[in-house]
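J.: I have a structure I would like to understand better, so I am pasting it below and will then ask my questions one at a time.
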Amino acid sequence: MKRIIIGIIALALCGVVSVFVPSASAAELVLSQTQKEKYYQQYLNDLQDLQNQYVGQEVLNIAVAHFAYFEENGWIEPSQFKIILNEVITSKIVSMENSTSNIRARKIVTSITKSFNVINTTGHVIGRINATVSPQSAYHSERDGMVLTSPGTITTAKGWGSGSWSQTYAGVSQWPQGQPYTYFGYSIADNYTYQGVVIPISANFTVSISKNGALY
């Protein structure tokens with residue numbers, strides 16, 4: 001009886017151990033050069049298939065990351081990568097803003113951050129790029145309030161997400177006619193890479209100032 005009980009316990013422990021043994025991740029795939037090239041070609045083919053599938057629909061203009069990306073970050077099974085491609089291509093880019101200002105000062109420098117979220121169909125944010133604008137402002141007697149005196153600086157950075165980000169452009173896109181200035185137009189262009197999928201993020205937006213110095 002003792003031997004039977006011990007055997008049962010041993011089998012149970014083996015079952016517990018087997019549950020917690022981690023499965024091979026994408027980064028652990030050991031592939032030959034030929035297999036890597038086949039994987040990469042399959043990535044490209046699957047993206048083309050999805051683009052054909054969604055013709056006429058509003059989807060993101062994504063791309064597969066360069067071959068070197070997977071060499072550095074690990075290869076993904078084509079079936080799994082196609083799921084990622086479909087998740088990303090059907091995502092939306094939604095903008096939001098968060099501004100701060102000192103409304104009591106007569107000469108102030110304020111900043112406003114425009115965030116661009118990449119949101120999948122389940123509502124999960126898979127990436128966020130922040131564009132922070134810091135224009136210069138001053139009190140203007142004719143307006144009896146604050147105006148912008150210079151577009152100042154604009155910087156972009158990854159705000160959230162497991163992917164990587166690279167800025168291609170950030171600057172002023174529109175100077176208003178005449179003074180005093182109450183707004184400036186800005187534009188950004190970035191690439192956010194999420195699990196081997198490159199998502200281009202480009203946007204034009206306007207930053208205005210109210211009489212009390214708040215940016216919006």
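Please note that chains go A, B, ... in the order of the structure tokens, that every chain numbers its residues from 1, and that ligands are numbered from 1 in the order shown.
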Taking 4 positions as the minimum chain separation for residues in the same chain, which residues sit within 8 Å of segment 56-59 of chain A when counting only C-alpha atoms? Answer as a list in words.
T.: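 Skipping anything fewer than 4 positions along the chain leaves Ile89, Thr90, Ser91 and Lys92 of chain A.
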J.: With N, CA, C and O atoms retained, write the just-selected residues as a PDB file, in the first residue's frame.
T.:
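What landed in result.pdb:
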```pdb
ATOM      1  N   ILE A  89      -2.641  45.461 -37.923  1.00  0.00           N
ATOM      2  CA  ILE A  89      -3.191  46.103 -39.123  1.00  0.00           C
ATOM      3  C   ILE A  89      -4.611  46.594 -38.883  1.00  0.00           C
ATOM      4  O   ILE A  89      -5.067  47.564 -39.504  1.00  0.00           O
ATOM      5  N   THR A  90      -5.341  45.950 -37.984  1.00  0.00           N
ATOM      6  CA  THR A  90      -6.721  46.354 -37.690  1.00  0.00           C
ATOM      7  C   THR A  90      -6.813  47.323 -36.513  1.00  0.00           C
ATOM      8  O   THR A  90      -7.914  47.681 -36.092  1.00  0.00           O
ATOM      9  N   SER A  91      -5.668  47.737 -35.986  1.00  0.00           N
ATOM     10  CA  SER A  91      -5.659  48.697 -34.877  1.00  0.00           C
ATOM     11  C   SER A  91      -5.950  50.105 -35.374  1.00  0.00           C
ATOM     12  O   SER A  91      -5.930  50.377 -36.578  1.00  0.00           O
ATOM     13  N   LYS A  92      -6.212  51.010 -34.442  1.00  0.00           N
ATOM     14  CA  LYS A  92      -6.463  52.408 -34.746  1.00  0.00           C
ATOM     15  C   LYS A  92      -5.459  53.283 -33.991  1.00  0.00           C
ATOM     16  O   LYS A  92      -4.976  52.915 -32.929  1.00  0.00           O
TER      17      LYS A  92
END
```
J.: Env of Gln80 of chain A: 12 Å cut, atoms = only C-alpha atoms, seq-sep filter 2 positions within chain, self excluded. Answer as a CSV table (one decimal) with C-alpha atoms, in the first residue's frame.
T.:
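Now in part-v8.csv:
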```csv
chain,number,residue,atom,x,y,z
A,25,SER,CA,9.6,31.1,-26.7
A,26,ALA,CA,10.0,32.8,-30.0
A,39,TYR,CA,10.3,32.5,-42.1
A,42,GLN,CA,6.4,33.9,-45.0
A,43,TYR,CA,6.0,37.1,-42.9
A,46,ASP,CA,1.2,36.9,-44.9
A,75,TRP,CA,12.3,34.7,-34.7
A,76,ILE,CA,8.5,34.1,-34.3
A,77,GLU,CA,6.6,31.1,-35.7
A,78,PRO,CA,4.9,32.3,-38.9
A,82,LYS,CA,0.3,36.3,-38.7
A,83,ILE,CA,-1.9,36.8,-35.6
A,84,ILE,CA,0.3,39.7,-34.6
A,85,LEU,CA,0.1,41.2,-38.1
A,86,ASN,CA,-3.7,40.9,-38.0
A,87,GLU,CA,-3.9,42.5,-34.6
A,195,GLN,CA,6.8,42.6,-32.2
A,196,GLY,CA,8.4,42.9,-35.6
```
J.: Determine, for each residue of segment 142-168 of chain A having at least one atom at most 10 Å from an atom of segment 175-189 of chain A, the closest pair of atoms and their separation in Å to one decimal, counting only C-alpha atoms; order by chain and ascending number, as CSV.
T.:
```
residue,atom,partner,partner_atom,distance
A:Glu142,CA,A:Pro180,CA,8.9
A:Arg143,CA,A:Pro180,CA,8.3
A:Met146,CA,A:Thr182,CA,8.3
A:Val147,CA,A:Thr182,CA,5.3
A:Leu148,CA,A:Tyr181,CA,5.1
A:Thr149,CA,A:Tyr181,CA,6.5
A:Ser150,CA,A:Tyr181,CA,8.3
A:Pro151,CA,A:Phe184,CA,6.4
A:Gly152,CA,A:Phe184,CA,9.9
A:Ile154,CA,A:Tyr186,CA,8.2
A:Thr155,CA,A:Ile188,CA,9.1
A:Thr156,CA,A:Ile188,CA,8.0
A:Ser166,CA,A:Ala189,CA,9.0
A:Gln167,CA,A:Ala189,CA,6.4
A:Thr168,CA,A:Ala189,CA,5.5
```
J.: So which residues of segment 103-211 of chain A fall under strand (DSSP E) by DSSP, listed as a ChimeraX atom specification?
T.: /A:111-119,125-140,145-160,164-174,183-194,197-208
J.: In Å, how far is it from atom CA of Tyr139 of chain A to atom CA of Asn212 of chain A?
T.: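 These two atoms are separated by 9.1 Å.
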J.: When you look at segment 128-134 of chain A with a cut-off of 6 Å (counting only C-alpha atoms), what residues show up, excluding the ones that are within fewer than 6 positions of it in the same chain? I need them as a short mmCIF file (atom, residue, chain, number, x, y, z; two decimals) with all heavy atoms, in the first residue's frame.
T.:
```cif
data_model
loop_
_atom_site.label_atom_id
_atom_site.label_comp_id
_atom_site.auth_asym_id
_atom_site.auth_seq_id
_atom_site.Cartn_x
_atom_site.Cartn_y
_atom_site.Cartn_z
N THR A 110 4.53 77.48 -21.26
CA THR A 110 3.63 76.35 -21.01
C THR A 110 3.99 75.20 -21.93
O THR A 110 4.72 75.37 -22.91
CB THR A 110 2.17 76.77 -21.26
OG1 THR A 110 2.04 77.24 -22.60
CG2 THR A 110 1.75 77.87 -20.29
N SER A 111 3.49 74.04 -21.61
CA SER A 111 3.74 72.87 -22.45
C SER A 111 2.47 72.05 -22.58
O SER A 111 1.61 72.08 -21.69
CB SER A 111 4.86 72.00 -21.88
OG SER A 111 4.47 71.44 -20.63
N ILE A 112 2.38 71.36 -23.66
CA ILE A 112 1.24 70.48 -23.89
C ILE A 112 1.75 69.21 -24.55
O ILE A 112 2.64 69.26 -25.40
CB ILE A 112 0.16 71.16 -24.77
CG1 ILE A 112 -1.06 70.26 -24.93
CG2 ILE A 112 0.73 71.58 -26.11
CD1 ILE A 112 -2.25 70.95 -25.59
N THR A 113 1.23 68.08 -24.11
CA THR A 113 1.64 66.80 -24.66
C THR A 113 0.48 66.16 -25.41
O THR A 113 -0.61 65.97 -24.85
CB THR A 113 2.11 65.84 -23.55
OG1 THR A 113 3.26 66.39 -22.91
CG2 THR A 113 2.48 64.47 -24.14
N LYS A 114 0.71 65.89 -26.67
CA LYS A 114 -0.25 65.18 -27.49
C LYS A 114 0.19 63.72 -27.54
O LYS A 114 1.33 63.42 -27.91
CB LYS A 114 -0.30 65.75 -28.91
CG LYS A 114 -0.64 67.22 -29.00
CD LYS A 114 -2.12 67.45 -28.99
CE LYS A 114 -2.46 68.91 -29.28
NZ LYS A 114 -3.91 69.16 -29.40
N SER A 115 -0.69 62.82 -27.16
CA SER A 115 -0.37 61.39 -27.16
C SER A 115 -1.12 60.70 -28.30
O SER A 115 -2.29 60.99 -28.55
CB SER A 115 -0.75 60.75 -25.83
OG SER A 115 0.02 61.29 -24.78
N PHE A 116 -0.41 59.81 -28.96
CA PHE A 116 -1.00 59.05 -30.06
C PHE A 116 -0.94 57.56 -29.69
O PHE A 116 0.14 56.97 -29.65
CB PHE A 116 -0.25 59.35 -31.36
CG PHE A 116 -0.31 60.80 -31.74
CD1 PHE A 116 0.67 61.69 -31.29
CD2 PHE A 116 -1.36 61.31 -32.49
CE1 PHE A 116 0.61 63.04 -31.61
CE2 PHE A 116 -1.43 62.65 -32.81
CZ PHE A 116 -0.45 63.52 -32.37
N ASN A 117 -2.10 57.00 -29.39
CA ASN A 117 -2.20 55.62 -28.94
C ASN A 117 -2.51 54.69 -30.11
O ASN A 117 -3.38 54.99 -30.93
CB ASN A 117 -3.30 55.47 -27.89
CG ASN A 117 -2.97 56.22 -26.61
OD1 ASN A 117 -1.82 56.35 -26.23
ND2 ASN A 117 -3.99 56.71 -25.94
N GLY A 152 8.73 77.53 -30.14
CA GLY A 152 9.49 76.78 -29.14
C GLY A 152 10.01 75.46 -29.65
O GLY A 152 10.43 75.34 -30.79
N THR A 153 9.93 74.46 -28.81
CA THR A 153 10.48 73.14 -29.16
C THR A 153 9.38 72.08 -29.19
O THR A 153 8.35 72.22 -28.54
CB THR A 153 11.54 72.70 -28.14
OG1 THR A 153 10.93 72.59 -26.83
CG2 THR A 153 12.68 73.70 -28.09
N ILE A 154 9.64 71.02 -29.95
CA ILE A 154 8.75 69.86 -29.97
C ILE A 154 9.62 68.62 -29.90
O ILE A 154 10.59 68.48 -30.66
CB ILE A 154 7.85 69.84 -31.22
CG1 ILE A 154 7.03 68.54 -31.26
CG2 ILE A 154 8.65 70.04 -32.50
CD1 ILE A 154 5.97 68.50 -32.34
N THR A 155 9.32 67.76 -28.98
CA THR A 155 10.06 66.51 -28.80
C THR A 155 9.09 65.34 -28.79
O THR A 155 7.93 65.48 -28.37
CB THR A 155 10.87 66.51 -27.49
OG1 THR A 155 9.97 66.71 -26.38
CG2 THR A 155 11.91 67.61 -27.49
N THR A 156 9.55 64.20 -29.25
CA THR A 156 8.71 63.01 -29.24
C THR A 156 9.43 61.90 -28.48
O THR A 156 10.66 61.84 -28.44
CB THR A 156 8.37 62.52 -30.65
OG1 THR A 156 9.59 62.18 -31.33
CG2 THR A 156 7.64 63.59 -31.43
N ALA A 157 8.65 61.03 -27.88
CA ALA A 157 9.21 59.91 -27.12
C ALA A 157 8.16 58.82 -26.98
O ALA A 157 6.96 59.08 -27.08
CB ALA A 157 9.67 60.38 -25.74
N LYS A 158 8.63 57.61 -26.75
CA LYS A 158 7.70 56.51 -26.50
C LYS A 158 7.10 56.72 -25.12
O LYS A 158 7.80 56.84 -24.12
CB LYS A 158 8.41 55.16 -26.57
CG LYS A 158 7.46 53.98 -26.44
CD LYS A 158 8.20 52.66 -26.53
CE LYS A 158 8.95 52.36 -25.24
NZ LYS A 158 9.51 50.99 -25.22
N GLY A 159 5.78 56.75 -25.06
CA GLY A 159 5.12 56.95 -23.79
C GLY A 159 4.78 55.67 -23.08
O GLY A 159 4.77 55.60 -21.85
N TRP A 160 4.49 54.63 -23.86
CA TRP A 160 4.12 53.35 -23.25
C TRP A 160 4.19 52.26 -24.31
O TRP A 160 4.02 52.53 -25.49
CB TRP A 160 2.69 53.42 -22.69
CG TRP A 160 2.30 52.22 -21.89
CD1 TRP A 160 2.46 52.03 -20.55
CD2 TRP A 160 1.70 51.02 -22.38
NE1 TRP A 160 2.00 50.80 -20.19
CE2 TRP A 160 1.51 50.14 -21.30
CE3 TRP A 160 1.29 50.61 -23.65
CZ2 TRP A 160 0.95 48.89 -21.42
CZ3 TRP A 160 0.73 49.35 -23.79
CH2 TRP A 160 0.55 48.51 -22.68
#
```
J.: Which residue is closest to Tyr192 of chain A? Choose from A:Gly213, A:Gly163, A:Pro135, A:Gly171 and count only C-alpha atoms.
T.: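 Ranking A:Gly213, A:Gly163, A:Pro135, A:Gly171 by distance to Tyr192 of chain A, first place goes to A:Gly163.
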